[in-house]
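Q: Contents are TSV, C-alpha atoms and all ligand atoms; file name work10.tsv:
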chain	number	residue	atom	x	y	z
A	1	MET	CA	-55.47	-31.39	20.16
A	2	THR	CA	-54.57	-31.08	16.50
A	3	THR	CA	-54.27	-27.71	14.81
A	4	GLU	CA	-57.21	-28.51	12.52
A	5	SER	CA	-59.55	-29.22	15.40
A	6	ILE	CA	-59.34	-25.68	16.73
A	7	ILE	CA	-59.59	-23.77	13.43
A	8	LYS	CA	-62.29	-21.14	13.96
A	9	ILE	CA	-61.72	-19.03	10.90
A	10	PRO	CA	-61.37	-21.00	7.68
A	11	PHE	CA	-59.25	-19.73	4.81
A	12	HIS	CA	-62.38	-19.49	2.70
A	13	ARG	CA	-66.14	-19.83	3.06
A	14	ALA	CA	-68.28	-19.51	-0.10
A	15	GLU	CA	-71.20	-17.13	-0.08
A	16	PHE	CA	-74.14	-19.21	-1.25
A	17	GLY	CA	-77.74	-18.60	-0.13
A	18	GLU	CA	-81.27	-19.69	-0.85
A	19	GLU	CA	-81.19	-17.97	-4.25
A	20	GLU	CA	-78.45	-20.30	-5.46
A	21	VAL	CA	-80.29	-23.32	-4.04
A	22	GLU	CA	-83.45	-22.31	-5.89
A	23	ALA	CA	-81.61	-21.62	-9.14
A	24	VAL	CA	-79.90	-25.03	-9.09
A	25	THR	CA	-83.16	-26.73	-8.12
A	26	GLU	CA	-84.89	-25.13	-11.10
A	27	VAL	CA	-82.25	-26.55	-13.44
A	28	ILE	CA	-82.58	-30.02	-11.91
A	29	ARG	CA	-86.37	-29.87	-12.30
A	30	SER	CA	-85.99	-28.72	-15.93
A	31	GLY	CA	-84.46	-32.06	-16.84
A	32	TRP	CA	-81.53	-30.43	-18.72
A	33	LEU	CA	-78.34	-30.41	-16.66
A	34	THR	CA	-75.45	-29.98	-19.07
A	35	MET	CA	-74.57	-27.07	-21.38
A	36	GLY	CA	-77.67	-25.38	-22.75
A	37	ALA	CA	-79.81	-22.25	-22.52
A	38	LYS	CA	-78.65	-21.29	-18.99
A	39	THR	CA	-75.01	-21.45	-20.02
A	40	PHE	CA	-75.64	-19.21	-23.04
A	41	GLU	CA	-77.56	-16.77	-20.84
A	42	PHE	CA	-74.67	-16.69	-18.33
A	43	GLU	CA	-72.23	-16.03	-21.18
A	44	ARG	CA	-74.40	-13.19	-22.46
A	45	GLN	CA	-74.58	-11.57	-19.01
A	46	PHE	CA	-70.84	-12.01	-18.55
A	47	THR	CA	-70.04	-10.16	-21.79
A	48	GLU	CA	-72.10	-7.25	-20.49
A	49	TYR	CA	-70.43	-7.38	-17.09
A	50	VAL	CA	-66.85	-7.14	-18.36
A	51	GLY	CA	-67.58	-5.29	-21.62
A	52	ALA	CA	-66.24	-7.91	-24.06
A	53	ARG	CA	-67.94	-9.01	-27.31
A	54	PHE	CA	-67.77	-12.75	-26.62
A	55	ALA	CA	-67.67	-14.96	-23.53
A	56	VAL	CA	-67.14	-18.72	-23.71
A	57	ALA	CA	-67.84	-20.74	-20.56
A	58	VAL	CA	-65.69	-23.78	-19.84
A	59	SER	CA	-65.05	-26.32	-17.10
A	60	SER	CA	-62.16	-24.44	-15.41
A	61	CYS	CA	-59.68	-21.62	-15.84
A	62	THR	CA	-57.09	-24.31	-16.60
A	63	ALA	CA	-59.23	-25.43	-19.55
A	64	ALA	CA	-59.73	-21.78	-20.51
A	65	LEU	CA	-55.99	-21.11	-20.64
A	66	HIS	CA	-55.37	-24.29	-22.63
A	67	LEU	CA	-58.04	-23.35	-25.18
A	68	CYS	CA	-56.64	-19.80	-25.47
A	69	LEU	CA	-53.15	-21.09	-26.27
A	70	GLU	CA	-54.62	-23.54	-28.77
A	71	ALA	CA	-56.63	-20.74	-30.40
A	72	ILE	CA	-53.59	-18.52	-30.91
A	73	GLY	CA	-51.70	-21.46	-32.41
A	74	VAL	CA	-49.09	-22.28	-29.75
A	75	ARG	CA	-47.40	-25.52	-30.78
A	76	ALA	CA	-44.50	-27.83	-29.98
A	77	GLY	CA	-41.19	-25.99	-29.69
A	78	ASP	CA	-42.76	-22.60	-28.89
A	79	GLU	CA	-41.97	-20.71	-25.69
A	80	VAL	CA	-44.51	-18.93	-23.51
A	81	LEU	CA	-43.52	-16.37	-20.87
A	82	ILE	CA	-45.25	-16.69	-17.50
A	83	PRO	CA	-44.44	-15.43	-14.00
A	84	THR	CA	-42.90	-18.02	-11.69
A	85	THR	CA	-45.17	-16.74	-8.90
A	86	THR	CA	-48.38	-18.41	-10.01
A	87	PHE	CA	-50.35	-21.63	-9.71
A	88	THR	CA	-49.07	-24.56	-11.74
A	89	ALA	CA	-52.12	-24.38	-14.05
A	90	THR	CA	-50.65	-21.35	-15.83
A	91	ALA	CA	-47.54	-23.33	-16.81
A	92	GLU	CA	-49.03	-26.79	-17.18
A	93	VAL	CA	-51.30	-25.73	-20.08
A	94	VAL	CA	-48.21	-24.64	-22.03
A	95	THR	CA	-46.85	-28.17	-21.74
A	96	TYR	CA	-50.17	-29.68	-22.97
A	97	LEU	CA	-49.26	-28.23	-26.40
A	98	GLY	CA	-45.67	-29.42	-26.27
A	99	ALA	CA	-44.46	-25.85	-25.76
A	100	ARG	CA	-42.10	-24.66	-23.04
A	101	PRO	CA	-43.05	-22.44	-20.10
A	102	VAL	CA	-40.35	-19.80	-19.58
A	103	PHE	CA	-40.46	-18.41	-16.08
A	104	VAL	CA	-40.16	-14.69	-15.49
A	105	ASP	CA	-39.23	-13.01	-12.21
A	106	ILE	CA	-41.66	-10.73	-10.40
A	107	ASP	CA	-41.70	-7.13	-9.30
A	108	SER	CA	-40.99	-7.33	-5.55
A	109	GLN	CA	-43.50	-4.58	-4.82
A	110	THR	CA	-46.59	-5.75	-6.71
A	111	MET	CA	-45.74	-9.49	-6.90
A	112	ASN	CA	-46.75	-9.32	-10.59
A	113	LEU	CA	-44.58	-10.33	-13.54
A	114	ASP	CA	-41.75	-7.88	-14.24
A	115	PRO	CA	-41.98	-6.84	-17.93
A	116	ARG	CA	-38.25	-5.94	-18.04
A	117	ASP	CA	-37.29	-9.43	-16.92
A	118	ALA	CA	-39.77	-10.84	-19.45
A	119	GLU	CA	-38.07	-8.90	-22.23
A	120	ARG	CA	-34.67	-10.38	-21.33
A	121	ARG	CA	-36.09	-13.89	-21.77
A	122	ILE	CA	-37.59	-13.41	-25.24
A	123	THR	CA	-36.10	-15.62	-27.96
A	124	SER	CA	-37.02	-16.38	-31.58
A	125	GLN	CA	-39.26	-19.17	-30.20
A	126	THR	CA	-41.32	-16.94	-27.89
A	127	ARG	CA	-44.95	-16.87	-29.04
A	128	ALA	CA	-46.95	-15.53	-26.13
A	129	ILE	CA	-46.96	-13.98	-22.68
A	130	ILE	CA	-49.43	-14.84	-19.92
A	131	PRO	CA	-49.60	-12.04	-17.34
A	132	VAL	CA	-51.18	-13.26	-14.09
A	133	HIS	CA	-52.98	-10.63	-12.02
A	134	PHE	CA	-51.58	-11.75	-8.67
A	135	GLY	CA	-54.18	-11.67	-5.91
A	136	GLY	CA	-56.52	-9.71	-8.20
A	137	GLN	CA	-54.41	-6.60	-8.73
A	138	PRO	CA	-53.90	-6.11	-12.48
A	139	CYS	CA	-50.42	-6.22	-13.99
A	140	ASP	CA	-49.10	-3.16	-15.78
A	141	MET	CA	-50.98	-4.02	-18.95
A	142	GLU	CA	-49.75	-1.04	-20.94
A	143	GLU	CA	-46.13	-2.10	-20.49
A	144	ILE	CA	-47.02	-5.69	-21.30
A	145	HIS	CA	-48.90	-4.74	-24.45
A	146	ASP	CA	-46.01	-2.50	-25.57
A	147	LEU	CA	-43.61	-5.41	-25.06
A	148	ALA	CA	-45.93	-7.80	-26.90
A	149	GLU	CA	-46.32	-5.43	-29.84
A	150	ALA	CA	-42.58	-4.81	-30.09
A	151	HIS	CA	-41.85	-8.55	-30.18
A	152	LYS	CA	-45.02	-9.77	-31.95
A	153	LEU	CA	-46.24	-11.83	-29.00
A	154	HIS	CA	-49.79	-12.84	-28.20
A	155	VAL	CA	-51.16	-11.75	-24.81
A	156	VAL	CA	-53.39	-14.17	-22.89
A	157	GLU	CA	-54.38	-12.77	-19.51
A	158	ASP	CA	-54.64	-15.20	-16.59
A	159	ALA	CA	-57.39	-13.39	-14.71
A	160	ALA	CA	-58.15	-16.32	-12.39
A	161	HIS	CA	-57.92	-13.87	-9.47
A	162	ALA	CA	-59.18	-10.75	-11.20
A	163	LEU	CA	-62.96	-10.62	-11.32
A	164	PRO	CA	-63.90	-7.82	-11.06
A	165	ALA	CA	-60.80	-5.68	-11.54
A	166	THR	CA	-59.88	-2.61	-13.55
A	167	TYR	CA	-56.74	-1.15	-15.09
A	168	ARG	CA	-56.74	2.58	-15.92
A	169	GLY	CA	-60.53	2.58	-16.04
A	170	ALA	CA	-60.83	-0.49	-18.31
A	171	THR	CA	-62.30	-3.72	-16.97
A	172	ILE	CA	-60.09	-6.78	-16.98
A	173	GLY	CA	-61.58	-9.05	-19.62
A	174	ALA	CA	-61.99	-6.29	-22.17
A	175	PHE	CA	-58.35	-5.50	-22.65
A	176	SER	CA	-56.24	-8.23	-24.28
A	177	GLU	CA	-57.03	-10.53	-27.19
A	178	LEU	CA	-57.98	-13.31	-24.76
A	179	THR	CA	-58.66	-13.36	-21.01
A	180	ALA	CA	-59.25	-16.42	-18.82
A	181	PHE	CA	-61.26	-16.32	-15.57
A	182	SER	CA	-61.79	-18.91	-12.82
A	183	PHE	CA	-64.98	-19.70	-10.91
A	184	TYR	CA	-63.20	-22.16	-8.59
A	185	ALA	CA	-64.59	-22.54	-5.06
A	186	THR	CA	-62.51	-19.74	-3.49
A	187	LYS	CA	-63.01	-17.10	-6.18
A	188	THR	CA	-65.18	-13.98	-5.79
A	189	LEU	CA	-67.72	-15.48	-8.19
A	190	SER	CA	-67.89	-19.23	-7.71
A	191	THR	CA	-69.65	-22.06	-9.49
A	192	GLY	CA	-67.68	-24.68	-7.53
A	193	GLU	CA	-65.51	-25.34	-10.58
A	194	GLY	CA	-65.65	-23.41	-13.84
A	195	GLY	CA	-64.05	-20.83	-16.05
A	196	MET	CA	-64.72	-18.25	-18.74
A	197	ILE	CA	-62.82	-16.83	-21.69
A	198	THR	CA	-63.57	-13.36	-22.99
A	199	THR	CA	-62.49	-11.96	-26.33
A	200	ASP	CA	-63.51	-9.37	-28.91
A	201	ASN	CA	-62.30	-11.59	-31.75
A	202	GLU	CA	-65.08	-13.58	-33.42
A	203	GLY	CA	-62.66	-16.06	-35.00
A	204	TYR	CA	-61.22	-16.93	-31.59
A	205	ALA	CA	-64.71	-17.20	-30.08
A	206	GLN	CA	-65.74	-19.71	-32.76
A	207	ARG	CA	-62.56	-21.72	-32.29
A	208	LEU	CA	-63.05	-21.83	-28.50
A	209	GLN	CA	-66.68	-22.93	-28.90
A	210	LEU	CA	-65.62	-25.68	-31.29
A	211	MET	CA	-62.75	-26.97	-29.19
A	212	ARG	CA	-64.50	-26.90	-25.80
A	213	LEU	CA	-66.82	-29.66	-26.99
A	214	HIS	CA	-64.86	-32.36	-28.81
A	215	GLY	CA	-64.28	-30.36	-32.01
A	216	ILE	CA	-67.88	-31.00	-33.04
A	217	SER	CA	-68.92	-28.46	-35.63
A	218	ARG	CA	-71.83	-26.25	-34.66
A	219	ASP	CA	-72.35	-25.58	-38.34
A	220	ALA	CA	-72.89	-29.27	-38.79
A	221	TRP	CA	-75.46	-29.16	-35.98
A	222	LYS	CA	-77.23	-26.29	-37.68
A	223	ARG	CA	-77.09	-27.92	-41.09
A	224	TYR	CA	-78.51	-31.24	-39.95
A	225	ALA	CA	-80.53	-30.29	-36.87
A	226	VAL	CA	-83.85	-30.03	-38.63
A	227	LYS	CA	-83.67	-32.97	-41.02
A	228	ASN	CA	-81.27	-35.27	-39.27
A	229	ALA	CA	-81.03	-34.55	-35.54
A	230	TRP	CA	-78.62	-37.40	-34.86
A	231	HIS	CA	-75.95	-36.31	-37.33
A	232	TYR	CA	-72.85	-34.29	-36.46
A	233	GLU	CA	-69.34	-33.76	-37.76
A	234	VAL	CA	-66.14	-33.93	-35.75
A	235	ILE	CA	-63.88	-31.50	-37.55
A	236	GLU	CA	-61.02	-31.21	-35.04
A	237	HIS	CA	-59.49	-33.17	-32.16
A	238	GLY	CA	-61.23	-31.14	-29.48
A	239	PHE	CA	-61.60	-31.40	-25.72
A	240	LYS	CA	-64.30	-32.15	-23.16
A	241	TYR	CA	-64.19	-28.72	-21.51
A	242	ASN	CA	-67.83	-27.61	-21.65
A	243	PHE	CA	-69.71	-25.79	-18.89
A	244	THR	CA	-73.01	-27.09	-17.48
A	245	ASP	CA	-76.38	-25.45	-16.86
A	246	LEU	CA	-76.08	-26.43	-13.18
A	247	GLN	CA	-72.93	-24.27	-12.95
A	248	ALA	CA	-74.58	-21.54	-15.03
A	249	ALA	CA	-77.49	-21.39	-12.58
A	250	LEU	CA	-75.00	-20.64	-9.80
A	251	GLY	CA	-73.06	-18.26	-12.05
A	252	ILE	CA	-76.07	-16.12	-12.94
A	253	VAL	CA	-77.04	-15.63	-9.28
A	254	GLN	CA	-73.41	-15.01	-8.27
A	255	LEU	CA	-72.86	-12.51	-11.10
A	256	ALA	CA	-75.75	-10.41	-9.84
A	257	LYS	CA	-73.99	-10.20	-6.43
A	258	CYS	CA	-70.45	-9.94	-7.78
A	259	ASP	CA	-70.09	-6.18	-7.18
A	260	ALA	CA	-71.39	-6.51	-3.62
A	261	MET	CA	-69.14	-9.49	-2.86
A	262	SER	CA	-66.18	-7.63	-4.33
A	263	LYS	CA	-66.91	-4.54	-2.22
A	264	ALA	CA	-66.98	-6.71	0.90
A	265	ARG	CA	-63.52	-8.08	0.04
A	266	ARG	CA	-62.23	-4.56	-0.55
A	267	ARG	CA	-63.51	-3.42	2.86
A	268	ILE	CA	-61.72	-6.34	4.53
A	269	ALA	CA	-58.49	-5.50	2.67
A	270	GLU	CA	-58.71	-1.86	3.69
A	271	ARG	CA	-59.28	-2.79	7.34
A	272	TYR	CA	-56.30	-5.19	7.30
A	273	THR	CA	-54.10	-2.53	5.75
A	274	GLN	CA	-55.20	0.08	8.27
A	275	ALA	CA	-54.44	-2.32	11.13
A	276	PHE	CA	-51.05	-3.55	9.87
A	277	ARG	CA	-49.45	-0.71	7.96
A	278	ASN	CA	-47.64	0.78	10.95
A	279	ILE	CA	-46.42	-2.49	12.42
A	280	GLU	CA	-42.65	-2.75	12.03
A	281	SER	CA	-42.52	-6.46	11.25
A	282	LEU	CA	-45.38	-6.45	8.72
A	283	GLU	CA	-45.64	-5.21	5.13
A	284	VAL	CA	-49.06	-4.66	3.59
A	285	PRO	CA	-49.84	-5.25	-0.11
A	286	VAL	CA	-48.92	-2.42	-2.46
A	287	VAL	CA	-51.96	-0.81	-4.07
A	288	CYS	CA	-51.43	0.84	-7.47
A	289	GLU	CA	-53.52	3.99	-7.85
A	290	ASP	CA	-54.44	3.33	-11.48
A	291	ARG	CA	-55.97	-0.13	-10.78
A	292	ASP	CA	-58.78	-1.71	-8.76
A	293	SER	CA	-57.91	-5.09	-7.33
A	294	ALA	CA	-60.47	-7.88	-7.02
A	295	TRP	CA	-58.82	-8.71	-3.68
A	296	HIS	CA	-58.90	-12.43	-4.29
A	297	LEU	CA	-55.93	-12.60	-1.92
A	298	TYR	CA	-54.59	-10.49	0.91
A	299	ALA	CA	-50.91	-11.39	0.83
A	300	LEU	CA	-49.24	-10.05	3.95
A	301	ARG	CA	-45.46	-10.02	3.95
A	302	LEU	CA	-43.25	-10.42	7.00
A	303	LYS	CA	-40.11	-8.39	7.62
A	304	LEU	CA	-38.15	-11.37	8.79
A	305	ASP	CA	-35.27	-9.30	10.21
A	306	ARG	CA	-37.79	-7.79	12.69
A	307	LEU	CA	-39.07	-11.18	13.85
A	308	GLN	CA	-37.63	-14.07	15.83
A	309	ILE	CA	-39.70	-16.59	13.85
A	310	ASN	CA	-39.89	-17.50	10.18
A	311	ARG	CA	-42.96	-17.51	7.93
A	312	ALA	CA	-43.81	-21.19	8.57
A	313	GLN	CA	-43.70	-20.58	12.34
A	314	PHE	CA	-45.85	-17.45	11.93
A	315	ILE	CA	-48.43	-19.59	10.11
A	316	ASP	CA	-48.31	-22.18	12.91
A	317	GLU	CA	-48.81	-19.46	15.54
A	318	LEU	CA	-51.91	-18.25	13.68
A	319	ALA	CA	-53.20	-21.81	13.33
A	320	GLN	CA	-52.83	-22.26	17.10
A	321	ARG	CA	-55.05	-19.21	17.50
A	322	GLY	CA	-57.64	-20.74	15.16
A	323	ILE	CA	-56.80	-18.92	11.92
A	324	ALA	CA	-56.28	-20.77	8.63
A	325	THR	CA	-53.90	-19.10	6.18
A	326	SER	CA	-52.19	-20.09	2.95
A	327	VAL	CA	-49.13	-19.23	0.83
A	328	HIS	CA	-49.31	-17.86	-2.71
A	329	PHE	CA	-47.26	-19.12	-4.37
A	330	ILE	CA	-44.34	-21.50	-4.08
A	331	PRO	CA	-42.49	-20.28	-7.21
A	332	LEU	CA	-42.93	-22.78	-10.02
A	333	HIS	CA	-39.21	-22.93	-10.82
A	334	LEU	CA	-38.69	-24.46	-7.35
A	335	GLN	CA	-41.17	-27.29	-8.05
A	336	PRO	CA	-39.61	-30.69	-8.83
A	337	VAL	CA	-41.25	-31.21	-12.21
A	338	TYR	CA	-40.07	-27.88	-13.66
A	339	GLN	CA	-36.57	-28.44	-12.28
A	340	ARG	CA	-36.43	-31.97	-13.68
A	341	VAL	CA	-37.84	-31.20	-17.13
A	342	TYR	CA	-36.44	-27.72	-17.80
A	343	GLY	CA	-33.41	-27.55	-15.52
A	344	TYR	CA	-34.56	-24.69	-13.30
A	345	LYS	CA	-32.89	-24.41	-9.93
A	346	SER	CA	-33.06	-22.47	-6.72
A	347	GLY	CA	-31.55	-18.99	-7.17
A	348	ASP	CA	-32.74	-18.57	-10.80
A	349	LEU	CA	-35.48	-16.03	-10.01
A	350	PRO	CA	-34.37	-14.23	-6.87
A	351	ASN	CA	-37.20	-11.72	-6.37
A	352	ALA	CA	-39.85	-14.43	-6.43
A	353	GLU	CA	-37.85	-16.59	-4.03
A	354	ALA	CA	-37.31	-13.73	-1.56
A	355	GLN	CA	-41.01	-12.81	-1.51
A	356	TYR	CA	-42.09	-16.44	-1.23
A	357	LEU	CA	-40.11	-16.84	1.99
A	358	ARG	CA	-41.97	-14.01	3.69
A	359	CYS	CA	-45.55	-14.06	2.39
A	360	LEU	CA	-48.73	-15.52	3.77
A	361	SER	CA	-52.32	-15.04	2.65
A	362	LEU	CA	-54.94	-14.09	5.24
A	363	PRO	CA	-58.62	-15.08	5.08
A	364	ILE	CA	-60.57	-12.66	2.85
A	365	TYR	CA	-64.10	-13.44	1.66
A	366	SER	CA	-67.44	-11.73	1.53
A	367	SER	CA	-69.06	-14.07	4.06
A	368	MET	CA	-66.48	-13.11	6.72
A	369	SER	CA	-68.14	-11.35	9.68
A	370	GLY	CA	-66.85	-8.20	11.35
A	371	ASP	CA	-66.05	-10.22	14.49
A	372	GLU	CA	-64.09	-12.76	12.47
A	373	LEU	CA	-62.13	-9.98	10.77
A	374	GLU	CA	-61.26	-8.31	14.08
A	375	PHE	CA	-60.26	-11.69	15.53
A	376	VAL	CA	-57.83	-12.27	12.65
A	377	ILE	CA	-56.38	-8.78	13.13
A	378	LEU	CA	-55.93	-9.23	16.89
A	379	SER	CA	-54.31	-12.62	16.34
A	380	VAL	CA	-51.84	-11.34	13.70
A	381	LEU	CA	-50.94	-8.39	15.96
A	382	ASP	CA	-50.54	-10.75	18.91
A	383	VAL	CA	-48.11	-13.02	17.00
A	384	ALA	CA	-46.18	-10.06	15.57
A	385	THR	CA	-45.81	-8.50	19.03
A	386	LYS	CA	-44.91	-11.72	20.84
A	387	TRP	CA	-42.13	-12.58	18.37
A	388	SER	CA	-40.86	-9.14	17.43
A	389	ARG	CA	-37.13	-8.55	17.64
B	1	LIG	C1	-53.26	-17.86	-11.15
B	1	LIG	C2	-54.14	-19.04	-11.43
B	1	LIG	N1	-54.33	-19.44	-12.69
B	1	LIG	C3	-55.12	-20.48	-12.99
B	1	LIG	C4	-55.76	-21.20	-12.01
B	1	LIG	C5	-56.60	-22.38	-12.38
B	1	LIG	O1	-57.96	-22.17	-12.11
B	1	LIG	P1	-58.99	-23.36	-12.12
B	1	LIG	O2	-58.92	-24.03	-10.79
B	1	LIG	O3	-60.33	-22.70	-12.37
B	1	LIG	O4	-58.62	-24.27	-13.24
B	1	LIG	C6	-55.60	-20.83	-10.67
B	1	LIG	C7	-56.28	-21.57	-9.61
B	1	LIG	O5	-56.64	-21.06	-8.60
B	1	LIG	C8	-54.76	-19.72	-10.37
B	1	LIG	O6	-54.54	-19.34	-9.09
Please go through the file and, once you have read it, give me the structure as structure tokens.
Ligand SMILES: Cc1ncc(COP(=O)(O)O)c(C=O)c1O

A:
Amino acid sequence: MTTESIIKIPFHRAEFGEEEVEAVTEVIRSGWLTMGAKTFEFERQFTEYVGARFAVAVSSCTAALHLCLEAIGVRAGDEVLIPTTTFTATAEVVTYLGARPVFVDIDSQTMNLDPRDAERRITSQTRAIIPVHFGGQPCDMEEIHDLAEAHKLHVVEDAAHALPATYRGATIGAFSELTAFSFYATKTLSTGEGGMITTDNEGYAQRLQLMRLHGISRDAWKRYAVKNAWHYEVIEHGFKYNFTDLQAALGIVQLAKCDAMSKARRRIAERYTQAFRNIESLEVPVVCEDRDSAWHLYALRLKLDRLQINRAQFIDELAQRGIATSVHFIPLHLQPVYQRVYGYKSGDLPNAEAQYLRCLSLPIYSSMSGDELEFVILSVLDVATKWSR
């Protein structure tokens, strides 16, 4: 029997119900599927939800990050600071503009970018910093903003994991000049694929709206719409990054349940922590008192000196018991393309490497039942006990 055939608890299961089916059906029946009134309504509701002035919906968080860097004027030869412990999207968008991603080591406790290490890597070419809220727990934004101000850097938050999350009472999305969210299939709020940018800056909002749809001027639309409906002006080399009303239909229903879905994730995280915090071979995620995590991930860490098996074997043991897990993240500086193009090598960012070797992400999603949760806990405890040293 293969491992896959006995998986009982998937790594993720989206929470979609009849409401979503009806909302999508209504859009199909309306005859208008792409970006339109539903998208604008979703954007309006999103601004209210996070407390930002503007929200611009796009096809993914990757697109959102790319548009943010374009809006702040990142260009060839610039450097952008990002944590090495992130998904490749955070770095890849920097390369789209011919700029260079500069990897920063992480804080071993929080797994978030270490601002002191970031400071050491600033050069005259550094234009921006992209803090990633790992697993949904916000970075120390005050420290990052202080650093950015001192060195005149732009701050673009990668909040792919951080809806909804707060830092010192402020909602993520209403904090930095630009924040990018993801509605990918595994996120708290999902539209299958999708993303959102929030900002308080009207100039940025207009630029993002222009560039998400081919650089076609909305002013031109307005000017000619009445007399000459077919006419438009392409005023920039833009991108095909627009949202669709089908996605917006899902987004509006999901946004209404976002707090409830987030609470369910929090309850799961608290139960995991309660079950694992006194186990010698396990280390639970650090929770900072001044922040609320979105709990996109529950990254358990193994104390390898207390175990006879390594992380990969631990994952296999869980898979044999029917539990799917994942690893977040293989540090980007260990990936072949970043080594080949920028010369990174193993050993360059030691904290990230050490944490990578001992972390695994457990299933955490609002549609997880109490029985499923207890089964995961029993299985983790069983593996930890069987292989303890
Ligand atoms: C930290 C981080 N940033 C960006 C992305 C890209 O998001 P998307 O799949 O919506 O483009 C991801 C994907 O999960 C991510 O984990």

Q: So, counting all atoms listed in the file, which residue among A:Ile330, A:Ala55, A:Ile7, A:Leu360 is closest to Phe42 in chain A?

A: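 Looking only at the distances to Phe42 in chain A, the closest residue turns out to be A:Ala55.
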
Q: Considering all atoms listed in the file, state which residue in the set A:Leu255, A:Leu210, A:Val132, A:Ala76 is at the smallest distance from Met111 in chain A.

A: A:Val132

Q: Let me see if you get this right: every residue at most 6 Å from ligand LIG 1 (chain B), counting only C-alpha atoms and all ligand atoms, written as a compact mmCIF listing (two decimals) with C-alpha atoms, in the coordinates of the input.

A:
# COMPACT_ATOMS: atom_id res chain seq x y z
CA SER A 60 -62.16 -24.44 -15.41
CA CYS A 61 -59.68 -21.62 -15.84
CA THR A 62 -57.09 -24.31 -16.60
CA THR A 86 -48.38 -18.41 -10.01
CA PHE A 87 -50.35 -21.63 -9.71
CA ALA A 89 -52.12 -24.38 -14.05
CA THR A 90 -50.65 -21.35 -15.83
CA VAL A 132 -51.18 -13.26 -14.09
CA ASP A 158 -54.64 -15.20 -16.59
CA ALA A 160 -58.15 -16.32 -12.39
CA SER A 182 -61.79 -18.91 -12.82
CA PHE A 183 -64.98 -19.70 -10.91
CA TYR A 184 -63.20 -22.16 -8.59
CA GLY A 194 -65.65 -23.41 -13.84
CA GLY A 195 -64.05 -20.83 -16.05

Q: Would you list the contacts of Arg306 in chain A as a ChimeraX atom specification, taking every protein, DNA or RNA residue within 10 Å and counting only C-alpha atoms, but skipping same-chain residues closer than 2 positions in sequence?

A: /A:280-282,302-304,308-309,384,387-389

Q: Using only C-alpha atoms, which of A:Ile377, A:Asp348, A:Thr95, A:Leu246 sits nearest Arg277 in chain A?

A: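 Among the listed residues, A:Ile377 lies closest to Arg277 in chain A.
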
Q: I'd like to know which of A:Gly36, A:Gly192, A:Gly370, A:Gly73 is closest to Ala128 in chain A, using all atoms listed in the file.

A: A:Gly73

Q: Skip Tyr49 in chain A itself and residues of its chain fewer than 5 positions away, then list as an MDAnalysis selection string all residues within 12 Å of it, counting all atoms listed in the file.

A: chainID A and resid 42:44 54:55 163:165 170:174 198 252 255:259

Q: To one decimal in Å, tell me the separation between CA of Val56 in chain A and CA of Gln247 in chain A.

A: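 Between these atoms lies a distance of 13.4 Å.
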
Q: Counting all atoms listed in the file, figure out which residue out of A:Ile130, A:Cys359, A:Cys68, A:Val380 gets nearest to Met196 in chain A.

A: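 For Met196 in chain A, the nearest of the given residues is A:Cys68.
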
Q: Env of Thr244 in chain A: 7 Å cut, atoms = all atoms listed in the file, seq-sep filter 5 positions within chain, self excluded. Answer as a list in words.

A: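 Listing them by chain and then by number gives Leu33, Thr34, Met35 and Thr39 of chain A.
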
Q: Compile the contact shell of range 98-100 of chain A as a count of residues only: residues with an atom at most 7 Å away, counting all atoms listed in the file, same-chain residues fewer than 6 positions apart removed.

A: 6

Q: With distances taken over only C-alpha atoms, which of A:Pro131, A:Leu69, A:Pro138, A:Thr191 is nearest to Asp245 in chain A?

A: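 Selected residue with least distance to Asp245 in chain A: A:Thr191.
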
Q: One decimal, in Å: what's the spacing between CA of Glu202 in chain A and CA of Glu177 in chain A?

A: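 Distance reported for this atom pair: 10.6 Å.
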
Q: Expressed in Å to a single decimal, how great is the separation between CA of Thr179 in chain A and CA of Phe11 in chain A?

A: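 If I compute the distance from CA of Thr179 in chain A to CA of Phe11 in chain A, I get 26.6 Å.
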
Q: Which polymer residues, protein or nucleic acid, are no farther than 12 Å from (-36.9, -1.9, -20.2), counting all atoms listed in the file, as a PyMOL selection string?

A: chain A and resi 114-120+143-144+146-147+150

Q: Any idea what's packed within 10 Å of His145 in chain A, counting all atoms listed in the file, ignoring anything in its chain fewer than 4 positions away? Could you give it as number ranges by chain?

A: A: 115, 129, 140-141, 149-155, 175-176
